[in-house]
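Text of entry.cif, listed as mmCIF, C-alpha atoms:
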data_target
loop_
_atom_site.label_atom_id
_atom_site.label_comp_id
_atom_site.auth_asym_id
_atom_site.auth_seq_id
_atom_site.Cartn_x
_atom_site.Cartn_y
_atom_site.Cartn_z
CA GLU A 54 5.93 -18.17 -27.70
CA ASP A 55 3.14 -17.68 -25.11
CA LYS A 56 4.70 -18.09 -21.73
CA VAL A 57 1.51 -18.14 -19.67
CA VAL A 58 -1.72 -19.67 -20.95
CA GLN A 59 -5.04 -19.59 -19.17
CA SER A 60 -8.16 -21.61 -19.83
CA PRO A 61 -10.95 -21.19 -20.32
CA LEU A 62 -10.79 -17.62 -21.53
CA SER A 63 -14.41 -17.10 -20.64
CA LEU A 64 -16.82 -18.95 -18.37
CA VAL A 65 -20.47 -18.45 -17.43
CA VAL A 66 -21.89 -20.28 -14.42
CA HIS A 67 -24.78 -19.96 -11.99
CA GLU A 68 -24.56 -19.07 -8.33
CA GLY A 69 -23.62 -22.06 -6.24
CA ASP A 70 -21.56 -23.75 -8.95
CA THR A 71 -17.93 -24.71 -8.43
CA VAL A 72 -15.40 -23.54 -11.01
CA THR A 73 -11.82 -24.49 -11.80
CA LEU A 74 -9.60 -22.06 -13.64
CA ASN A 75 -6.39 -23.25 -15.24
CA CYS A 76 -3.01 -21.63 -15.75
CA SER A 77 -0.09 -23.31 -17.50
CA TYR A 78 3.31 -21.79 -18.06
CA GLU A 79 6.56 -22.37 -19.84
CA VAL A 80 9.44 -20.27 -18.54
CA THR A 81 13.02 -20.77 -17.47
CA ASN A 82 14.09 -20.30 -13.87
CA PHE A 83 10.59 -20.19 -12.46
CA ARG A 84 10.29 -18.25 -9.20
CA SER A 85 6.61 -17.96 -8.32
CA LEU A 86 3.07 -17.95 -9.69
CA LEU A 87 0.47 -15.43 -8.62
CA TRP A 88 -3.29 -15.19 -8.99
CA TYR A 89 -5.11 -11.88 -9.16
CA LYS A 90 -8.77 -10.89 -9.35
CA GLN A 91 -9.67 -7.92 -11.52
CA GLU A 92 -13.05 -6.27 -11.43
CA LYS A 93 -13.61 -2.89 -13.04
CA LYS A 94 -10.35 -1.59 -11.62
CA ALA A 95 -6.82 -2.63 -10.75
CA PRO A 96 -5.98 -6.29 -10.13
CA THR A 97 -6.09 -7.36 -6.51
CA PHE A 98 -3.83 -10.08 -5.15
CA LEU A 99 -5.27 -13.50 -4.30
CA PHE A 100 -2.45 -16.03 -3.92
CA MET A 101 1.25 -16.48 -4.43
CA LEU A 102 2.51 -20.04 -5.00
CA THR A 103 6.12 -21.13 -4.95
CA SER A 104 6.03 -24.79 -3.90
CA SER A 105 4.35 -27.74 -5.55
CA GLY A 106 1.48 -29.51 -3.90
CA ILE A 107 0.80 -27.00 -1.14
CA GLU A 108 -2.75 -25.70 -1.32
CA LYS A 109 -3.41 -22.10 -0.48
CA LYS A 110 -6.92 -21.29 0.74
CA SER A 111 -8.86 -18.14 1.39
CA GLY A 112 -12.54 -18.66 2.12
CA ARG A 113 -14.16 -20.24 -0.93
CA LEU A 114 -11.04 -19.82 -3.05
CA SER A 115 -8.13 -22.21 -3.18
CA SER A 116 -5.15 -22.72 -5.43
CA ILE A 117 -2.40 -25.25 -5.96
CA LEU A 118 0.75 -25.41 -8.05
CA ASP A 119 2.30 -28.35 -9.90
CA LYS A 120 5.89 -27.43 -10.80
CA LYS A 121 6.52 -30.73 -12.53
CA GLU A 122 3.62 -30.36 -14.93
CA LEU A 123 3.97 -26.55 -15.01
CA PHE A 124 0.44 -25.56 -14.13
CA SER A 125 -1.74 -24.15 -11.43
CA ILE A 126 -5.47 -24.23 -10.76
CA LEU A 127 -7.70 -21.79 -8.98
CA ASN A 128 -10.88 -23.26 -7.50
CA ILE A 129 -13.90 -21.26 -6.44
CA THR A 130 -16.63 -23.17 -4.60
CA ALA A 131 -20.24 -22.04 -4.08
CA THR A 132 -19.78 -19.16 -6.49
CA GLN A 133 -21.54 -15.85 -5.89
CA THR A 134 -22.34 -12.98 -8.27
CA GLY A 135 -19.56 -11.02 -6.56
CA ASP A 136 -17.05 -13.52 -7.92
CA SER A 137 -17.71 -12.20 -11.43
CA ALA A 138 -14.37 -10.80 -12.59
CA ILE A 139 -11.33 -11.46 -14.70
CA TYR A 140 -8.91 -13.84 -12.98
CA LEU A 141 -5.31 -13.28 -13.94
CA CYS A 142 -2.42 -15.65 -13.55
CA ALA A 143 1.12 -14.25 -13.52
CA VAL A 144 4.51 -15.92 -13.40
CA VAL A 145 7.76 -14.50 -12.03
CA TRP A 146 10.79 -16.01 -13.75
CA GLY A 147 14.39 -15.43 -14.83
CA ASN A 148 17.82 -15.83 -13.27
CA TYR A 149 17.14 -12.94 -10.90
CA GLY A 150 13.34 -13.16 -10.89
CA GLN A 151 13.34 -10.06 -13.01
CA ASN A 152 10.57 -11.07 -15.42
CA PHE A 153 6.90 -10.82 -14.57
CA VAL A 154 4.45 -12.05 -17.21
CA PHE A 155 0.66 -12.28 -17.10
CA GLY A 156 -1.63 -14.67 -18.87
CA PRO A 157 -4.60 -13.33 -20.85
CA GLY A 158 -7.02 -13.90 -18.00
CA THR A 159 -10.24 -15.87 -17.55
CA ARG A 160 -13.43 -13.83 -17.58
CA LEU A 161 -15.85 -15.41 -15.10
CA SER A 162 -19.52 -14.43 -15.08
CA VAL A 163 -21.69 -15.75 -12.27
CA LEU A 164 -25.41 -15.47 -12.94
CA PRO A 165 -27.96 -15.27 -10.12
CA GLU B 55 -2.81 4.69 3.76
CA ALA B 56 -0.44 2.52 1.72
CA GLN B 57 -1.15 3.06 -1.93
CA VAL B 58 0.01 3.48 -5.49
CA THR B 59 -1.35 6.56 -7.21
CA GLN B 60 -1.46 7.40 -10.89
CA ASN B 61 -2.29 10.61 -12.67
CA PRO B 62 -4.15 11.35 -14.76
CA ARG B 63 -6.79 8.65 -14.51
CA TYR B 64 -8.22 9.43 -17.94
CA LEU B 65 -6.53 11.16 -20.85
CA ILE B 66 -7.52 11.90 -24.42
CA THR B 67 -4.75 13.24 -26.61
CA VAL B 68 -3.71 13.48 -30.23
CA THR B 69 -0.98 11.71 -32.16
CA GLY B 70 2.47 13.13 -31.55
CA LYS B 71 1.72 15.23 -28.47
CA LYS B 72 4.14 14.25 -25.72
CA LEU B 73 2.57 13.13 -22.46
CA THR B 74 3.62 11.83 -19.05
CA VAL B 75 1.69 9.57 -16.74
CA THR B 76 2.89 9.84 -13.18
CA CYS B 77 3.11 7.01 -10.67
CA SER B 78 3.89 7.37 -7.01
CA GLN B 79 3.99 4.90 -4.10
CA ASN B 80 4.27 5.58 -0.39
CA MET B 81 5.38 2.11 0.75
CA ASN B 82 9.15 2.53 0.25
CA HIS B 83 9.04 -0.19 -2.39
CA GLU B 84 12.15 -0.81 -4.45
CA TYR B 85 10.52 -2.51 -7.43
CA MET B 86 8.17 -0.58 -9.70
CA SER B 87 6.69 -1.51 -13.02
CA TRP B 88 4.42 -0.29 -15.81
CA TYR B 89 1.92 -2.47 -17.66
CA ARG B 90 -0.56 -1.95 -20.41
CA GLN B 91 -3.74 -3.96 -20.62
CA ASP B 92 -5.53 -4.64 -23.89
CA PRO B 93 -8.55 -6.89 -24.50
CA GLY B 94 -7.55 -10.53 -24.94
CA LEU B 95 -3.88 -9.84 -24.20
CA GLY B 96 -3.84 -9.56 -20.43
CA LEU B 97 -1.31 -7.23 -18.83
CA ARG B 98 1.98 -6.78 -20.64
CA GLN B 99 5.00 -5.30 -18.94
CA ILE B 100 6.40 -2.13 -20.53
CA TYR B 101 9.30 -1.22 -18.23
CA TYR B 102 10.37 -2.06 -14.74
CA SER B 103 12.76 -0.61 -12.19
CA MET B 104 14.53 -2.51 -9.46
CA ASN B 105 15.70 0.62 -7.66
CA VAL B 106 16.59 4.27 -8.12
CA GLU B 107 18.37 4.86 -11.44
CA VAL B 108 17.92 1.19 -12.41
CA THR B 109 15.40 0.57 -15.17
CA ASP B 110 14.97 -2.14 -17.77
CA LYS B 111 12.72 -3.05 -20.66
CA GLY B 112 9.78 -5.36 -20.29
CA ASP B 113 7.97 -7.12 -23.11
CA VAL B 114 6.59 -4.09 -24.97
CA PRO B 115 8.89 -1.08 -24.41
CA GLU B 116 8.71 0.46 -27.90
CA GLY B 117 7.37 3.99 -27.87
CA TYR B 118 7.78 4.47 -24.12
CA LYS B 119 10.38 5.92 -21.78
CA VAL B 120 10.68 5.82 -18.02
CA SER B 121 12.86 7.32 -15.34
CA ARG B 122 13.46 6.53 -11.67
CA LYS B 123 15.16 9.50 -10.04
CA GLU B 124 13.44 9.00 -6.70
CA LYS B 125 12.36 5.79 -5.02
CA ARG B 126 8.71 6.76 -4.78
CA ASN B 127 8.15 7.98 -8.37
CA PHE B 128 8.22 6.14 -11.68
CA PRO B 129 6.76 8.25 -14.51
CA LEU B 130 5.88 6.80 -17.90
CA ILE B 131 6.65 9.05 -20.85
CA LEU B 132 5.20 8.83 -24.34
CA GLU B 133 7.35 11.12 -26.47
CA SER B 134 5.19 10.82 -29.59
CA PRO B 135 1.99 8.91 -28.83
CA SER B 136 0.31 6.92 -31.58
CA PRO B 137 -3.18 5.40 -31.76
CA ASN B 138 -1.80 1.90 -31.06
CA GLN B 139 -0.83 3.14 -27.61
CA THR B 140 -4.48 3.58 -26.73
CA SER B 141 -4.80 1.30 -23.74
CA LEU B 142 -5.34 0.95 -20.01
CA TYR B 143 -2.08 1.51 -18.13
CA PHE B 144 -1.23 0.24 -14.66
CA CYS B 145 1.66 1.11 -12.45
CA ALA B 146 2.65 -1.40 -9.76
CA SER B 147 5.17 -1.63 -6.94
CA SER B 148 6.55 -4.20 -4.52
CA PHE B 149 9.39 -4.59 -2.03
CA SER B 150 11.24 -6.86 -4.41
CA ARG B 151 10.63 -8.20 -7.88
CA VAL B 152 9.31 -11.55 -6.67
CA GLU B 153 6.91 -10.17 -4.12
CA THR B 154 3.28 -9.62 -4.87
CA GLN B 155 2.79 -6.28 -6.56
CA TYR B 156 0.38 -3.55 -5.52
CA PHE B 157 -1.35 -1.92 -8.46
CA GLY B 158 -2.37 1.65 -9.01
CA PRO B 159 -5.93 2.50 -10.09
CA GLY B 160 -5.08 2.60 -13.79
CA THR B 161 -4.89 5.32 -16.45
CA ARG B 162 -7.13 5.01 -19.48
CA LEU B 163 -5.44 6.65 -22.47
CA LEU B 164 -7.02 7.38 -25.83
CA VAL B 165 -4.76 8.60 -28.63
CA LEU B 166 -6.63 10.07 -31.59
#

Show me, as structure tokens, the structure contained in the file I just sent.
Amino acid sequence: EDKVVQSPLSLVVHEGDTVTLNCSYEVTNFRSLLWYKQEKKAPTFLFMLTSSGIEKKSGRLSSILDKKELFSILNITATQTGDSAIYLCAVVWGNYGQNFVFGPGTRLSVLP
Amino acid sequence: EAQVTQNPRYLITVTGKKLTVTCSQNMNHEYMSWYRQDPGLGLRQIYYSMNVEVTDKGDVPEGYKVSRKEKRNFPLILESPSPNQTSLYFCASSFSRVETQYFGPGTRLLVL
């Protein structure tokens, strides 16, 4: 029944580590996949992915989508304590792109 | 400043007392949406609106009503709140349903 699954649900690392967050989905008429970062407030947009194999990068963060295997990964290199947050994956799907569903999120804690 | 605003930000109420959470955006966005966020469940869509006078149910619409009489406003109405509606609520907007959404600051609701 779950349309968007994220793993791990929780992760604790030390500063400088590299992390990979996973998002898999199972929907019909996929339109796009989005990554958000949520600290103690509203989610803020990171990436939107619509095509397979094209990496999106922003500083130490990068993300890629595999539409054949129905998953995406979010990589964070050289993690910092400011990266501590919940990372949310969301998928837009449906004949008219009318459905927008979030995964449960991955809670990342970066220790100094 | 482009933004989505919600009011109130915090609300404590009692079972059965009707309440309205307002949402307003100043970006001329067509698509607006309401989500609730609960621990371990991520964000779940309550209702969405693709334009004025066009609204539709999301994944968890029971116990909620919405209206979209003006483009900028999308209030969420709880006619008879119950304790299981205690949650963190986010309003979001975008130009179209597949675009990245901008989130409001959130409304934390406690129903006793």

Matched chain/residue IDs from the PyMOL selection byres ((chain A) within 8 of (chain B)), as a ChimeraX atom specification: /A:84-85,87,94-98,101,141,145,150-158

Evaluated on this file, the PyMOL selection byres ((chain A and resi 91) around 6) picks out some residues - which ones are they, written as a PDB file with C-alpha atoms, keeping the file's coordinate frame?
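Just written: part_23.pdb:
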ATOM      1  CA  LYS A  90      -8.770 -10.890  -9.350  1.00  0.00           C
ATOM      2  CA  GLU A  92     -13.050  -6.270 -11.430  1.00  0.00           C
ATOM      3  CA  PRO A  96      -5.980  -6.290 -10.130  1.00  0.00           C
ATOM      4  CA  ALA A 138     -14.370 -10.800 -12.590  1.00  0.00           C
ATOM      5  CA  ILE A 139     -11.330 -11.460 -14.700  1.00  0.00           C
TER       6      ILE A 139
END

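When all atoms listed in the file are used to measure the gap to Gly106 in chain A, the shortest distance among A:Tyr89, A:Tyr149, A:Phe124, A:Phe83 belongs to A:Phe124.
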
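Excluding Leu102 in chain A and any residue on its chain fewer than 4 positions from it, the residues at most 9 Å away by only C-alpha atoms are Ser85, Leu86, Leu87, Trp88, Ile107, Glu108, Lys109, Ser116, Ile117, Leu118 and Ser125 of chain A.
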
List every protein, DNA or RNA residue that has an atom no more than 6 Å from (8.4, -3.3, -4.9) in the file's coordinate frame, counting all atoms listed in the file, and report them as a PDB file with C-alpha atoms, in the coordinates of the input.
ATOM      1  CA  HIS B  83       9.040  -0.190  -2.390  1.00  0.00           C
ATOM      2  CA  GLU B  84      12.150  -0.810  -4.450  1.00  0.00           C
ATOM      3  CA  TYR B  85      10.520  -2.510  -7.430  1.00  0.00           C
ATOM      4  CA  MET B  86       8.170  -0.580  -9.700  1.00  0.00           C
ATOM      5  CA  SER B 147       5.170  -1.630  -6.940  1.00  0.00           C
ATOM      6  CA  SER B 148       6.550  -4.200  -4.520  1.00  0.00           C
ATOM      7  CA  PHE B 149       9.390  -4.590  -2.030  1.00  0.00           C
ATOM      8  CA  SER B 150      11.240  -6.860  -4.410  1.00  0.00           C
TER       9      SER B 150
END

Report as a PDB file with C-alpha atoms, keeping the file's coordinate frame the residues that result from applying the PyMOL selection byres ((chain A and resi 133) around 10) to the structure here.
ATOM      1  CA  VAL A  66     -21.890 -20.280 -14.420  1.00  0.00           C
ATOM      2  CA  HIS A  67     -24.780 -19.960 -11.990  1.00  0.00           C
ATOM      3  CA  GLU A  68     -24.560 -19.070  -8.330  1.00  0.00           C
ATOM      4  CA  GLY A  69     -23.620 -22.060  -6.240  1.00  0.00           C
ATOM      5  CA  ASP A  70     -21.560 -23.750  -8.950  1.00  0.00           C
ATOM      6  CA  THR A  71     -17.930 -24.710  -8.430  1.00  0.00           C
ATOM      7  CA  ARG A 113     -14.160 -20.240  -0.930  1.00  0.00           C
ATOM      8  CA  ILE A 129     -13.900 -21.260  -6.440  1.00  0.00           C
ATOM      9  CA  THR A 130     -16.630 -23.170  -4.600  1.00  0.00           C
ATOM     10  CA  ALA A 131     -20.240 -22.040  -4.080  1.00  0.00           C
ATOM     11  CA  THR A 132     -19.780 -19.160  -6.490  1.00  0.00           C
ATOM     12  CA  THR A 134     -22.340 -12.980  -8.270  1.00  0.00           C
ATOM     13  CA  GLY A 135     -19.560 -11.020  -6.560  1.00  0.00           C
ATOM     14  CA  ASP A 136     -17.050 -13.520  -7.920  1.00  0.00           C
ATOM     15  CA  SER A 137     -17.710 -12.200 -11.430  1.00  0.00           C
ATOM     16  CA  SER A 162     -19.520 -14.430 -15.080  1.00  0.00           C
ATOM     17  CA  VAL A 163     -21.690 -15.750 -12.270  1.00  0.00           C
ATOM     18  CA  LEU A 164     -25.410 -15.470 -12.940  1.00  0.00           C
ATOM     19  CA  PRO A 165     -27.960 -15.270 -10.120  1.00  0.00           C
TER      20      PRO A 165
END

Contacts of Thr76 in chain B at 6 Å (all atoms listed in the file; same-chain gap of 4+ positions) as number ranges by chain: B: 60-61, 129

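Note that CA of Asn127 in chain B and CA of Leu65 in chain B are 19.5 Å apart.
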
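Atom pair CA of Asn138 in chain B / CA of Pro115 in chain B: separated by 12.9 Å.
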
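Here CA of Leu132 in chain B is placed at a distance of 12.5 Å from CA of Tyr101 in chain B.
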
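Distances from A:Lys93, A:Asn75, A:Ser105, A:Glu122 to Leu142 in chain B were compared using only C-alpha atoms, and the smallest one belongs to A:Lys93.
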
Neighbours of point (-8.7, -20.6, -22.9) within 10 Å, using only C-alpha atoms, written as an MDAnalysis selection string: chainID A and resid 58:64 74:76 157:160

Polymer residues at most 6 Å from Ser115 in chain A, all atoms listed in the file, same-chain spacing of 3 or more positions, as a PyMOL selection string: chain A and resi 109-110+127-128
